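run.cif follows; it contains mmCIF, N, CA and C atoms.
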data_target
loop_
_atom_site.label_atom_id
_atom_site.label_comp_id
_atom_site.auth_asym_id
_atom_site.auth_seq_id
_atom_site.Cartn_x
_atom_site.Cartn_y
_atom_site.Cartn_z
N MET A 663 179.87 -3.58 -31.49
CA MET A 663 178.80 -3.27 -30.55
C MET A 663 179.02 -4.00 -29.24
N GLY A 664 180.01 -3.69 -28.49
CA GLY A 664 180.27 -4.42 -27.26
C GLY A 664 179.51 -3.86 -26.09
N GLY A 665 179.16 -4.73 -25.15
CA GLY A 665 178.53 -4.31 -23.90
C GLY A 665 177.04 -4.09 -24.00
N THR A 666 176.43 -4.06 -22.85
CA THR A 666 174.99 -3.85 -22.78
C THR A 666 174.71 -2.36 -22.67
N LEU A 667 173.80 -1.88 -23.46
CA LEU A 667 173.43 -0.47 -23.37
C LEU A 667 172.65 -0.25 -22.07
N LYS A 668 172.65 1.00 -21.62
CA LYS A 668 172.01 1.32 -20.36
C LYS A 668 170.53 0.94 -20.32
N ASN A 669 169.85 1.02 -21.45
CA ASN A 669 168.41 0.74 -21.45
C ASN A 669 168.09 -0.69 -21.87
N GLU A 670 169.10 -1.55 -22.00
CA GLU A 670 168.85 -2.93 -22.38
C GLU A 670 168.95 -3.84 -21.17
N ALA A 671 168.18 -4.90 -21.21
CA ALA A 671 168.17 -5.87 -20.13
C ALA A 671 168.25 -7.25 -20.74
N LYS A 672 168.63 -8.23 -19.92
CA LYS A 672 168.71 -9.61 -20.37
C LYS A 672 167.53 -10.38 -19.81
N ILE A 673 166.73 -10.95 -20.69
CA ILE A 673 165.64 -11.83 -20.25
C ILE A 673 166.27 -13.18 -19.95
N LEU A 674 166.07 -13.68 -18.72
CA LEU A 674 166.66 -14.94 -18.29
C LEU A 674 165.66 -16.07 -18.23
N ALA A 675 164.40 -15.75 -17.91
CA ALA A 675 163.36 -16.77 -17.77
C ALA A 675 162.00 -16.09 -17.90
N TYR A 676 160.99 -16.93 -18.16
CA TYR A 676 159.62 -16.41 -18.23
C TYR A 676 158.65 -17.49 -17.80
N SER A 677 157.46 -17.04 -17.39
CA SER A 677 156.40 -17.98 -17.06
C SER A 677 155.58 -18.21 -18.32
N PRO A 678 155.42 -19.48 -18.72
CA PRO A 678 154.60 -19.73 -19.91
C PRO A 678 153.13 -19.46 -19.61
N GLY A 679 152.38 -19.22 -20.65
CA GLY A 679 150.95 -18.98 -20.46
C GLY A 679 150.51 -17.69 -21.10
N ARG A 680 149.29 -17.33 -20.80
CA ARG A 680 148.66 -16.18 -21.43
C ARG A 680 149.20 -14.84 -20.94
N TYR A 681 149.69 -14.79 -19.69
CA TYR A 681 150.17 -13.54 -19.08
C TYR A 681 151.59 -13.73 -18.57
N PRO A 682 152.58 -13.81 -19.45
CA PRO A 682 153.94 -14.12 -19.03
C PRO A 682 154.54 -13.11 -18.06
N ILE A 683 155.22 -13.65 -17.07
CA ILE A 683 156.06 -12.88 -16.16
C ILE A 683 157.49 -13.11 -16.62
N LEU A 684 158.28 -12.05 -16.69
CA LEU A 684 159.67 -12.15 -17.10
C LEU A 684 160.60 -12.00 -15.91
N VAL A 685 161.67 -12.77 -15.88
CA VAL A 685 162.77 -12.53 -14.95
C VAL A 685 163.87 -11.91 -15.79
N VAL A 686 164.26 -10.69 -15.42
CA VAL A 686 165.14 -9.88 -16.24
C VAL A 686 166.34 -9.42 -15.41
N GLU A 687 167.50 -9.45 -16.03
CA GLU A 687 168.70 -8.89 -15.40
C GLU A 687 168.91 -7.50 -15.98
N LEU A 688 168.90 -6.50 -15.11
CA LEU A 688 169.12 -5.12 -15.54
C LEU A 688 170.60 -4.88 -15.78
N PRO A 689 170.96 -3.81 -16.49
CA PRO A 689 172.38 -3.52 -16.74
C PRO A 689 173.21 -3.44 -15.45
N SER A 690 172.57 -3.10 -14.34
CA SER A 690 173.28 -3.01 -13.05
C SER A 690 173.59 -4.38 -12.47
N GLY A 691 173.01 -5.45 -13.06
CA GLY A 691 173.19 -6.80 -12.54
C GLY A 691 172.05 -7.25 -11.65
N GLU A 692 171.16 -6.33 -11.32
CA GLU A 692 170.02 -6.65 -10.46
C GLU A 692 168.98 -7.48 -11.22
N LEU A 693 168.41 -8.48 -10.55
CA LEU A 693 167.35 -9.29 -11.15
C LEU A 693 166.00 -8.74 -10.70
N ARG A 694 165.07 -8.64 -11.65
CA ARG A 694 163.73 -8.14 -11.35
C ARG A 694 162.70 -8.92 -12.13
N THR A 695 161.49 -8.98 -11.61
CA THR A 695 160.38 -9.58 -12.35
C THR A 695 159.57 -8.45 -12.98
N PHE A 696 159.21 -8.64 -14.24
CA PHE A 696 158.38 -7.70 -14.99
C PHE A 696 157.06 -8.42 -15.28
N TYR A 697 155.95 -7.71 -15.17
CA TYR A 697 154.63 -8.33 -15.22
C TYR A 697 153.80 -7.89 -16.42
N TYR A 698 153.12 -8.84 -17.02
CA TYR A 698 152.19 -8.58 -18.13
C TYR A 698 151.14 -7.55 -17.71
N GLU A 699 150.60 -7.72 -16.52
CA GLU A 699 149.51 -6.87 -16.04
C GLU A 699 149.89 -5.39 -15.98
N THR A 700 151.19 -5.09 -15.86
CA THR A 700 151.64 -3.70 -15.79
C THR A 700 152.18 -3.21 -17.13
N GLY A 701 152.04 -4.04 -18.16
CA GLY A 701 152.60 -3.68 -19.46
C GLY A 701 154.12 -3.71 -19.45
N TYR A 702 154.70 -4.50 -18.52
CA TYR A 702 156.14 -4.63 -18.36
C TYR A 702 156.78 -3.28 -18.03
N ASP A 703 156.06 -2.50 -17.23
CA ASP A 703 156.52 -1.19 -16.77
C ASP A 703 157.70 -1.37 -15.83
N SER A 704 158.81 -0.73 -16.14
CA SER A 704 160.02 -0.87 -15.31
C SER A 704 159.86 -0.25 -13.92
N GLU A 705 158.86 0.60 -13.75
CA GLU A 705 158.61 1.21 -12.44
C GLU A 705 157.79 0.29 -11.54
N GLN A 706 157.22 -0.78 -12.08
CA GLN A 706 156.36 -1.67 -11.30
C GLN A 706 156.92 -3.10 -11.31
N THR A 707 158.19 -3.22 -11.01
CA THR A 707 158.86 -4.51 -10.96
C THR A 707 159.14 -4.89 -9.52
N LYS A 708 159.56 -6.14 -9.33
CA LYS A 708 159.95 -6.59 -7.99
C LYS A 708 161.34 -7.18 -8.07
N PRO A 709 162.20 -6.83 -7.09
CA PRO A 709 163.55 -7.41 -7.09
C PRO A 709 163.49 -8.88 -6.65
N VAL A 710 164.32 -9.69 -7.27
CA VAL A 710 164.44 -11.10 -6.91
C VAL A 710 165.92 -11.47 -6.90
N THR A 711 166.20 -12.66 -6.41
CA THR A 711 167.58 -13.16 -6.40
C THR A 711 167.72 -14.32 -7.37
N GLU A 712 168.94 -14.67 -7.69
CA GLU A 712 169.16 -15.81 -8.56
C GLU A 712 168.66 -17.09 -7.89
N ASP A 713 168.85 -17.20 -6.57
CA ASP A 713 168.33 -18.36 -5.85
C ASP A 713 166.82 -18.45 -5.98
N TRP A 714 166.12 -17.32 -5.84
CA TRP A 714 164.66 -17.31 -5.98
C TRP A 714 164.27 -17.78 -7.37
N MET A 715 164.99 -17.27 -8.38
CA MET A 715 164.66 -17.66 -9.75
C MET A 715 164.80 -19.17 -9.92
N ARG A 716 165.88 -19.74 -9.44
CA ARG A 716 166.12 -21.17 -9.63
C ARG A 716 165.19 -22.04 -8.77
N GLU A 717 165.07 -21.69 -7.49
CA GLU A 717 164.31 -22.54 -6.57
C GLU A 717 162.80 -22.32 -6.65
N ASN A 718 162.38 -21.10 -6.78
CA ASN A 718 160.95 -20.79 -6.74
C ASN A 718 160.36 -20.71 -8.14
N ALA A 719 160.86 -19.80 -8.97
CA ALA A 719 160.27 -19.60 -10.29
C ALA A 719 160.42 -20.84 -11.16
N ILE A 720 161.65 -21.31 -11.32
CA ILE A 720 161.90 -22.47 -12.19
C ILE A 720 161.55 -23.76 -11.46
N GLY A 721 161.95 -23.86 -10.21
CA GLY A 721 161.75 -25.10 -9.46
C GLY A 721 160.30 -25.39 -9.10
N ARG A 722 159.53 -24.39 -8.74
CA ARG A 722 158.16 -24.60 -8.27
C ARG A 722 157.07 -24.12 -9.21
N HIS A 723 157.37 -23.13 -10.02
CA HIS A 723 156.32 -22.50 -10.81
C HIS A 723 156.49 -22.66 -12.31
N SER A 724 157.35 -23.58 -12.72
CA SER A 724 157.49 -23.96 -14.14
C SER A 724 157.89 -22.82 -15.06
N PHE A 725 158.64 -21.84 -14.54
CA PHE A 725 159.20 -20.83 -15.43
C PHE A 725 160.17 -21.54 -16.37
N VAL A 726 160.34 -20.98 -17.55
CA VAL A 726 161.25 -21.55 -18.54
C VAL A 726 162.50 -20.69 -18.58
N GLU A 727 163.65 -21.31 -18.29
CA GLU A 727 164.91 -20.59 -18.37
C GLU A 727 165.34 -20.58 -19.83
N ILE A 728 165.82 -19.43 -20.30
CA ILE A 728 166.25 -19.30 -21.68
C ILE A 728 167.68 -18.75 -21.70
N PRO A 729 168.40 -18.98 -22.80
CA PRO A 729 169.70 -18.31 -22.91
C PRO A 729 169.46 -16.81 -22.83
N PRO A 730 170.26 -16.08 -22.05
CA PRO A 730 170.01 -14.64 -21.90
C PRO A 730 169.83 -13.95 -23.24
N ARG A 731 168.77 -13.17 -23.32
CA ARG A 731 168.44 -12.46 -24.57
C ARG A 731 168.36 -10.97 -24.25
N GLU A 732 169.22 -10.18 -24.87
CA GLU A 732 169.22 -8.74 -24.62
C GLU A 732 168.12 -8.06 -25.42
N VAL A 733 167.31 -7.30 -24.70
CA VAL A 733 166.17 -6.59 -25.29
C VAL A 733 166.10 -5.22 -24.63
N PRO A 734 165.85 -4.16 -25.41
CA PRO A 734 165.63 -2.85 -24.77
C PRO A 734 164.46 -2.95 -23.78
N ILE A 735 164.62 -2.34 -22.62
CA ILE A 735 163.57 -2.40 -21.61
C ILE A 735 162.25 -1.88 -22.18
N SER A 736 162.31 -0.87 -23.00
CA SER A 736 161.09 -0.30 -23.58
C SER A 736 160.42 -1.25 -24.59
N ALA A 737 161.11 -2.30 -25.01
CA ALA A 737 160.56 -3.23 -26.01
C ALA A 737 160.15 -4.57 -25.40
N LEU A 738 160.12 -4.69 -24.08
CA LEU A 738 159.76 -5.97 -23.46
C LEU A 738 158.36 -6.42 -23.85
N ARG A 739 157.41 -5.50 -23.86
CA ARG A 739 156.04 -5.86 -24.23
C ARG A 739 155.99 -6.40 -25.66
N ASP A 740 156.68 -5.73 -26.57
CA ASP A 740 156.71 -6.19 -27.96
C ASP A 740 157.39 -7.56 -28.07
N TYR A 741 158.46 -7.76 -27.32
CA TYR A 741 159.15 -9.06 -27.32
C TYR A 741 158.19 -10.17 -26.89
N VAL A 742 157.45 -9.94 -25.82
CA VAL A 742 156.51 -10.96 -25.32
C VAL A 742 155.46 -11.25 -26.38
N ARG A 743 154.89 -10.23 -26.96
CA ARG A 743 153.86 -10.44 -27.99
C ARG A 743 154.40 -11.22 -29.19
N ARG A 744 155.58 -10.84 -29.63
CA ARG A 744 156.17 -11.43 -30.84
C ARG A 744 156.74 -12.82 -30.58
N GLU A 745 157.48 -12.99 -29.49
CA GLU A 745 158.21 -14.23 -29.26
C GLU A 745 157.48 -15.25 -28.37
N LEU A 746 156.77 -14.77 -27.36
CA LEU A 746 156.16 -15.70 -26.41
C LEU A 746 154.69 -15.96 -26.69
N LEU A 747 153.98 -14.92 -27.13
CA LEU A 747 152.55 -15.09 -27.41
C LEU A 747 152.27 -15.27 -28.90
N GLU A 748 153.30 -15.12 -29.70
CA GLU A 748 153.22 -15.31 -31.15
C GLU A 748 152.12 -14.48 -31.80
N GLU A 749 152.03 -13.22 -31.41
CA GLU A 749 151.08 -12.29 -32.02
C GLU A 749 151.86 -11.44 -33.02
N SER A 750 151.17 -10.91 -33.99
CA SER A 750 151.81 -10.04 -34.98
C SER A 750 151.81 -8.61 -34.52
#
Before we go any further, please render this structure as structure tokens.
Amino acid sequence: MGGTLKNEAKILAYSPGRYPILVVELPSGELRTFYYETGYDSEQTKPVTEDWMRENAIGRHSFVEIPPREVPISALRDYVRRELLEES
């Protein structure tokens, strides 16, 4: 199973708390933020840079950097519930 599938993304960091924001690398290499408030809708994301992630998200806003985790884009909401919010 080599390579990232077209619909999979790598979660690189998240904001801890009740409404996590994800910093995700898309298969194209582009970094985007996905929001709890939008149900992690891929159409309602914002582009960011690696510098922004390191200096602003992690440096100023206490985002937690994680080892890249590949997750289907359609399953981001389930990932957050299961892994970050610990809901069943």
Selection result for the PyMOL selection byres (((chain A and resi 715 and name CA) around 12) and name CA) on this file, as a PDB file with N, CA and C atoms, in the frame of the given file:
ATOM      1  N   LEU A 674     166.070 -13.680 -18.720  1.00  0.00           N
ATOM      2  CA  LEU A 674     166.660 -14.940 -18.290  1.00  0.00           C
ATOM      3  C   LEU A 674     165.660 -16.070 -18.230  1.00  0.00           C
ATOM      4  N   ALA A 675     164.400 -15.750 -17.910  1.00  0.00           N
ATOM      5  CA  ALA A 675     163.360 -16.770 -17.770  1.00  0.00           C
ATOM      6  C   ALA A 675     162.000 -16.090 -17.900  1.00  0.00           C
ATOM      7  N   TYR A 676     160.990 -16.930 -18.160  1.00  0.00           N
ATOM      8  CA  TYR A 676     159.620 -16.410 -18.230  1.00  0.00           C
ATOM      9  C   TYR A 676     158.650 -17.490 -17.800  1.00  0.00           C
ATOM     10  N   SER A 677     157.460 -17.040 -17.390  1.00  0.00           N
ATOM     11  CA  SER A 677     156.400 -17.980 -17.060  1.00  0.00           C
ATOM     12  C   SER A 677     155.580 -18.210 -18.320  1.00  0.00           C
ATOM     13  N   ILE A 683     155.220 -13.650 -17.070  1.00  0.00           N
ATOM     14  CA  ILE A 683     156.060 -12.880 -16.160  1.00  0.00           C
ATOM     15  C   ILE A 683     157.490 -13.110 -16.620  1.00  0.00           C
ATOM     16  N   LEU A 684     158.280 -12.050 -16.690  1.00  0.00           N
ATOM     17  CA  LEU A 684     159.670 -12.150 -17.100  1.00  0.00           C
ATOM     18  C   LEU A 684     160.600 -12.000 -15.910  1.00  0.00           C
ATOM     19  N   VAL A 685     161.670 -12.770 -15.880  1.00  0.00           N
ATOM     20  CA  VAL A 685     162.770 -12.530 -14.950  1.00  0.00           C
ATOM     21  C   VAL A 685     163.870 -11.910 -15.790  1.00  0.00           C
ATOM     22  N   VAL A 686     164.260 -10.690 -15.420  1.00  0.00           N
ATOM     23  CA  VAL A 686     165.140  -9.880 -16.240  1.00  0.00           C
ATOM     24  C   VAL A 686     166.340  -9.420 -15.410  1.00  0.00           C
ATOM     25  N   GLU A 687     167.500  -9.450 -16.030  1.00  0.00           N
ATOM     26  CA  GLU A 687     168.700  -8.890 -15.400  1.00  0.00           C
ATOM     27  C   GLU A 687     168.910  -7.500 -15.980  1.00  0.00           C
ATOM     28  N   LEU A 693     168.410  -8.480 -10.550  1.00  0.00           N
ATOM     29  CA  LEU A 693     167.350  -9.290 -11.150  1.00  0.00           C
ATOM     30  C   LEU A 693     166.000  -8.740 -10.700  1.00  0.00           C
ATOM     31  N   ARG A 694     165.070  -8.640 -11.650  1.00  0.00           N
ATOM     32  CA  ARG A 694     163.730  -8.140 -11.350  1.00  0.00           C
ATOM     33  C   ARG A 694     162.700  -8.920 -12.130  1.00  0.00           C
ATOM     34  N   THR A 695     161.490  -8.980 -11.610  1.00  0.00           N
ATOM     35  CA  THR A 695     160.380  -9.580 -12.350  1.00  0.00           C
ATOM     36  C   THR A 695     159.570  -8.450 -12.980  1.00  0.00           C
ATOM     37  N   PRO A 709     162.200  -6.830  -7.090  1.00  0.00           N
ATOM     38  CA  PRO A 709     163.550  -7.410  -7.090  1.00  0.00           C
ATOM     39  C   PRO A 709     163.490  -8.880  -6.650  1.00  0.00           C
ATOM     40  N   VAL A 710     164.320  -9.690  -7.270  1.00  0.00           N
ATOM     41  CA  VAL A 710     164.440 -11.100  -6.910  1.00  0.00           C
ATOM     42  C   VAL A 710     165.920 -11.470  -6.900  1.00  0.00           C
ATOM     43  N   THR A 711     166.200 -12.660  -6.410  1.00  0.00           N
ATOM     44  CA  THR A 711     167.580 -13.160  -6.400  1.00  0.00           C
ATOM     45  C   THR A 711     167.720 -14.320  -7.370  1.00  0.00           C
ATOM     46  N   GLU A 712     168.940 -14.670  -7.690  1.00  0.00           N
ATOM     47  CA  GLU A 712     169.160 -15.810  -8.560  1.00  0.00           C
ATOM     48  C   GLU A 712     168.660 -17.090  -7.890  1.00  0.00           C
ATOM     49  N   ASP A 713     168.850 -17.200  -6.570  1.00  0.00           N
ATOM     50  CA  ASP A 713     168.330 -18.360  -5.850  1.00  0.00           C
ATOM     51  C   ASP A 713     166.820 -18.450  -5.980  1.00  0.00           C
ATOM     52  N   TRP A 714     166.120 -17.320  -5.840  1.00  0.00           N
ATOM     53  CA  TRP A 714     164.660 -17.310  -5.980  1.00  0.00           C
ATOM     54  C   TRP A 714     164.270 -17.780  -7.370  1.00  0.00           C
ATOM     55  N   ARG A 716     165.880 -19.740  -9.440  1.00  0.00           N
ATOM     56  CA  ARG A 716     166.120 -21.170  -9.630  1.00  0.00           C
ATOM     57  C   ARG A 716     165.190 -22.040  -8.770  1.00  0.00           C
ATOM     58  N   GLU A 717     165.070 -21.690  -7.490  1.00  0.00           N
ATOM     59  CA  GLU A 717     164.310 -22.540  -6.570  1.00  0.00           C
ATOM     60  C   GLU A 717     162.800 -22.320  -6.650  1.00  0.00           C
ATOM     61  N   ASN A 718     162.380 -21.100  -6.780  1.00  0.00           N
ATOM     62  CA  ASN A 718     160.950 -20.790  -6.740  1.00  0.00           C
ATOM     63  C   ASN A 718     160.360 -20.710  -8.140  1.00  0.00           C
ATOM     64  N   ALA A 719     160.860 -19.800  -8.970  1.00  0.00           N
ATOM     65  CA  ALA A 719     160.270 -19.600 -10.290  1.00  0.00           C
ATOM     66  C   ALA A 719     160.420 -20.840 -11.160  1.00  0.00           C
ATOM     67  N   ILE A 720     161.650 -21.310 -11.320  1.00  0.00           N
ATOM     68  CA  ILE A 720     161.900 -22.470 -12.190  1.00  0.00           C
ATOM     69  C   ILE A 720     161.550 -23.760 -11.460  1.00  0.00           C
ATOM     70  N   GLY A 721     161.950 -23.860 -10.210  1.00  0.00           N
ATOM     71  CA  GLY A 721     161.750 -25.100  -9.460  1.00  0.00           C
ATOM     72  C   GLY A 721     160.300 -25.390  -9.100  1.00  0.00           C
ATOM     73  N   ARG A 722     159.530 -24.390  -8.740  1.00  0.00           N
ATOM     74  CA  ARG A 722     158.160 -24.600  -8.270  1.00  0.00           C
ATOM     75  C   ARG A 722     157.070 -24.120  -9.210  1.00  0.00           C
ATOM     76  N   HIS A 723     157.370 -23.130 -10.020  1.00  0.00           N
ATOM     77  CA  HIS A 723     156.320 -22.500 -10.810  1.00  0.00           C
ATOM     78  C   HIS A 723     156.490 -22.660 -12.310  1.00  0.00           C
ATOM     79  N   SER A 724     157.350 -23.580 -12.720  1.00  0.00           N
ATOM     80  CA  SER A 724     157.490 -23.960 -14.140  1.00  0.00           C
ATOM     81  C   SER A 724     157.890 -22.820 -15.060  1.00  0.00           C
ATOM     82  N   PHE A 725     158.640 -21.840 -14.540  1.00  0.00           N
ATOM     83  CA  PHE A 725     159.200 -20.830 -15.430  1.00  0.00           C
ATOM     84  C   PHE A 725     160.170 -21.540 -16.370  1.00  0.00           C
ATOM     85  N   VAL A 726     160.340 -20.980 -17.550  1.00  0.00           N
ATOM     86  CA  VAL A 726     161.250 -21.550 -18.540  1.00  0.00           C
ATOM     87  C   VAL A 726     162.500 -20.690 -18.580  1.00  0.00           C
ATOM     88  N   GLU A 727     163.650 -21.310 -18.290  1.00  0.00           N
ATOM     89  CA  GLU A 727     164.910 -20.590 -18.370  1.00  0.00           C
ATOM     90  C   GLU A 727     165.340 -20.580 -19.830  1.00  0.00           C
TER      91      GLU A 727
END
Suppose a student applies the PyMOL selection byres ((chain A and resi 669-671) around 6) to this structure; what residues should they get, written as a list in words?
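Applying the PyMOL selection byres ((chain A and resi 669-671) around 6) to the structure shown produces Thr666, Leu667, Lys668, Lys672, Ile673, Glu687, Leu688, Pro689, Arg731, Glu732, Val733, Pro734, Ile735 and Ser736 of chain A.
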Figure out the distance between atom CA of A:Pro678 and atom CA of A:Leu746, please, to one decimal in Å.
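Separating atom CA of A:Leu746 from atom CA of A:Pro678 is a distance of 7.8 Å.
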Run DSSP on the backbone and tell me which residues of chain A come out as strand (DSSP E); list them as a short mmCIF file (atom, residue, chain, number, x, y, z; two decimals) with N, CA and C atoms, in the frame of the given file.
data_model
loop_
_atom_site.label_atom_id
_atom_site.label_comp_id
_atom_site.auth_asym_id
_atom_site.auth_seq_id
_atom_site.Cartn_x
_atom_site.Cartn_y
_atom_site.Cartn_z
N GLU A 670 169.10 -1.55 -22.00
CA GLU A 670 168.85 -2.93 -22.38
C GLU A 670 168.95 -3.84 -21.17
N ALA A 671 168.18 -4.90 -21.21
CA ALA A 671 168.17 -5.87 -20.13
C ALA A 671 168.25 -7.25 -20.74
N LYS A 672 168.63 -8.23 -19.92
CA LYS A 672 168.71 -9.61 -20.37
C LYS A 672 167.53 -10.38 -19.81
N ILE A 673 166.73 -10.95 -20.69
CA ILE A 673 165.64 -11.83 -20.25
C ILE A 673 166.27 -13.18 -19.95
N LEU A 674 166.07 -13.68 -18.72
CA LEU A 674 166.66 -14.94 -18.29
C LEU A 674 165.66 -16.07 -18.23
N ALA A 675 164.40 -15.75 -17.91
CA ALA A 675 163.36 -16.77 -17.77
C ALA A 675 162.00 -16.09 -17.90
N TYR A 676 160.99 -16.93 -18.16
CA TYR A 676 159.62 -16.41 -18.23
C TYR A 676 158.65 -17.49 -17.80
N ILE A 683 155.22 -13.65 -17.07
CA ILE A 683 156.06 -12.88 -16.16
C ILE A 683 157.49 -13.11 -16.62
N LEU A 684 158.28 -12.05 -16.69
CA LEU A 684 159.67 -12.15 -17.10
C LEU A 684 160.60 -12.00 -15.91
N VAL A 685 161.67 -12.77 -15.88
CA VAL A 685 162.77 -12.53 -14.95
C VAL A 685 163.87 -11.91 -15.79
N VAL A 686 164.26 -10.69 -15.42
CA VAL A 686 165.14 -9.88 -16.24
C VAL A 686 166.34 -9.42 -15.41
N GLU A 687 167.50 -9.45 -16.03
CA GLU A 687 168.70 -8.89 -15.40
C GLU A 687 168.91 -7.50 -15.98
N LEU A 693 168.41 -8.48 -10.55
CA LEU A 693 167.35 -9.29 -11.15
C LEU A 693 166.00 -8.74 -10.70
N ARG A 694 165.07 -8.64 -11.65
CA ARG A 694 163.73 -8.14 -11.35
C ARG A 694 162.70 -8.92 -12.13
N THR A 695 161.49 -8.98 -11.61
CA THR A 695 160.38 -9.58 -12.35
C THR A 695 159.57 -8.45 -12.98
N PHE A 696 159.21 -8.64 -14.24
CA PHE A 696 158.38 -7.70 -14.99
C PHE A 696 157.06 -8.42 -15.28
N TYR A 697 155.95 -7.71 -15.17
CA TYR A 697 154.63 -8.33 -15.22
C TYR A 697 153.80 -7.89 -16.42
N LYS A 708 159.56 -6.14 -9.33
CA LYS A 708 159.95 -6.59 -7.99
C LYS A 708 161.34 -7.18 -8.07
N PRO A 709 162.20 -6.83 -7.09
CA PRO A 709 163.55 -7.41 -7.09
C PRO A 709 163.49 -8.88 -6.65
N VAL A 710 164.32 -9.69 -7.27
CA VAL A 710 164.44 -11.10 -6.91
C VAL A 710 165.92 -11.47 -6.90
N VAL A 726 160.34 -20.98 -17.55
CA VAL A 726 161.25 -21.55 -18.54
C VAL A 726 162.50 -20.69 -18.58
N GLU A 727 163.65 -21.31 -18.29
CA GLU A 727 164.91 -20.59 -18.37
C GLU A 727 165.34 -20.58 -19.83
N ILE A 728 165.82 -19.43 -20.30
CA ILE A 728 166.25 -19.30 -21.68
C ILE A 728 167.68 -18.75 -21.70
N PRO A 729 168.40 -18.98 -22.80
CA PRO A 729 169.70 -18.31 -22.91
C PRO A 729 169.46 -16.81 -22.83
N PRO A 730 170.26 -16.08 -22.05
CA PRO A 730 170.01 -14.64 -21.90
C PRO A 730 169.83 -13.95 -23.24
N ARG A 731 168.77 -13.17 -23.32
CA ARG A 731 168.44 -12.46 -24.57
C ARG A 731 168.36 -10.97 -24.25
N GLU A 732 169.22 -10.18 -24.87
CA GLU A 732 169.22 -8.74 -24.62
C GLU A 732 168.12 -8.06 -25.42
N VAL A 733 167.31 -7.30 -24.70
CA VAL A 733 166.17 -6.59 -25.29
C VAL A 733 166.10 -5.22 -24.63
N PRO A 734 165.85 -4.16 -25.41
CA PRO A 734 165.63 -2.85 -24.77
C PRO A 734 164.46 -2.95 -23.78
#
If you measure from atom C of A:Glu705 to atom CA of A:Glu748, what distance in Å do you get, rounded to one decimal?
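That distance, rounded to one decimal, is 25.5 Å.
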Quick one: pull the distance between atom CA of A:Tyr697 and atom CA of A:Leu738, Å, one decimal.
10.0 Å
